[in-house]
Amino acid sequence: THCNNCPVFAAAGRKFLDSPSPPGYRDEWTARLAARDETREGDEIGVLVFRVGEEWLALPVGALVEVTRPRRVHRVPHRAGLLAGLANIRGELHLCVRLDLLLGATPAAKDDPELHRLVVIRRDAESWAFATNEVDQVHRLLLPDLAPPAPTLARAHGRLGRFGP
């Protein structure tokens, strides 16, 4: 098929690529790229950024198994609190934990159910799942830039978070 708008798109593309850069663009990227050369191996960590309630958190990608749409969580009899239940993900049962309760996260004021995701993590032979209000993406962070948990996370103490090597 022939695109009737191809000349319009081509002209718009040329105009965009030929336009001057915004003020400070070159300086900003020069500084960013120069800083990359100064980092040593092991100074960066890849993390998945996600939101639980009102809190934005990060998880090392080494622990990540998958991010999927929410699944029905089946309650486990005589268990409550931090254990939400079991979720079937591609025929495998995963224990679902209530990360919001575990960390004491503030519930979200505005929430879009379309953004909800279920995150599956694994450490050694154990795998767990937890619900999130939103998942952003994987980011590369410099270890010196990591900070301790926000004071709004009432239960986020040393056992629950590791913020460095």
# chains A, B, ... in the order shown; residues from 1 in each chain; ligands from 1
$ closest_atom_pairs --of "region 66-105 of chain A" --to "region 117-129 of chain A" --cutoff "12 Å" --atoms "only C-alpha atoms" --output "CSV"
residue,atom,partner,partner_atom,distance
A:Glu66,CA,A:Val120,CA,5.3
A:Val67,CA,A:Val119,CA,4.6
A:Thr68,CA,A:Leu118,CA,5.2
A:Arg69,CA,A:Arg117,CA,4.8
A:Pro70,CA,A:Leu118,CA,5.1
A:Arg71,CA,A:Leu118,CA,7.3
A:Arg72,CA,A:Leu118,CA,10.3
A:Val73,CA,A:Ala129,CA,10.1
A:Leu82,CA,A:Ala129,CA,11.8
A:Leu83,CA,A:Ala129,CA,10.2
A:Ala84,CA,A:Ala129,CA,9.6
A:Gly85,CA,A:Ala129,CA,9.7
A:Leu86,CA,A:Ala129,CA,8.7
A:Ala87,CA,A:Ala129,CA,7.9
A:Asn88,CA,A:Ala129,CA,10.2
A:Ile89,CA,A:Val120,CA,9.2
A:Arg90,CA,A:Val120,CA,11.9
A:Glu92,CA,A:Ser127,CA,10.4
A:Leu93,CA,A:Trp128,CA,9.4
A:His94,CA,A:Trp128,CA,5.7
A:Leu95,CA,A:Trp128,CA,5.2
A:Cys96,CA,A:Ala129,CA,4.6
A:Val97,CA,A:Ala129,CA,6.3
A:Arg98,CA,A:Ala129,CA,8.9
A:Leu99,CA,A:Ala129,CA,9.3
$ select_by_dssp --residues "chain A" --states "helix (DSSP H, G or I)" --output "ChimeraX atom specification"
/A:6-18,25-38,61-63,99-103,113-115,143-145
$ closest_residue --among "A:Gly24, A:Phe50, A:His74, A:Leu57" --to "Leu115 (chain A)" --atoms "only C-alpha atoms"
A:Phe50
$ select_by_dssp --residues "region 47-113 of chain A" --states "strand (DSSP E or B)" --output "count of residues only"
32
$ residues_around --residues "Asp136 (chain A)" --least-positions-apart "5" --cutoff "10 Å" --atoms "only C-alpha atoms" --output "number ranges by chain"
A: 48-51, 56, 58, 115
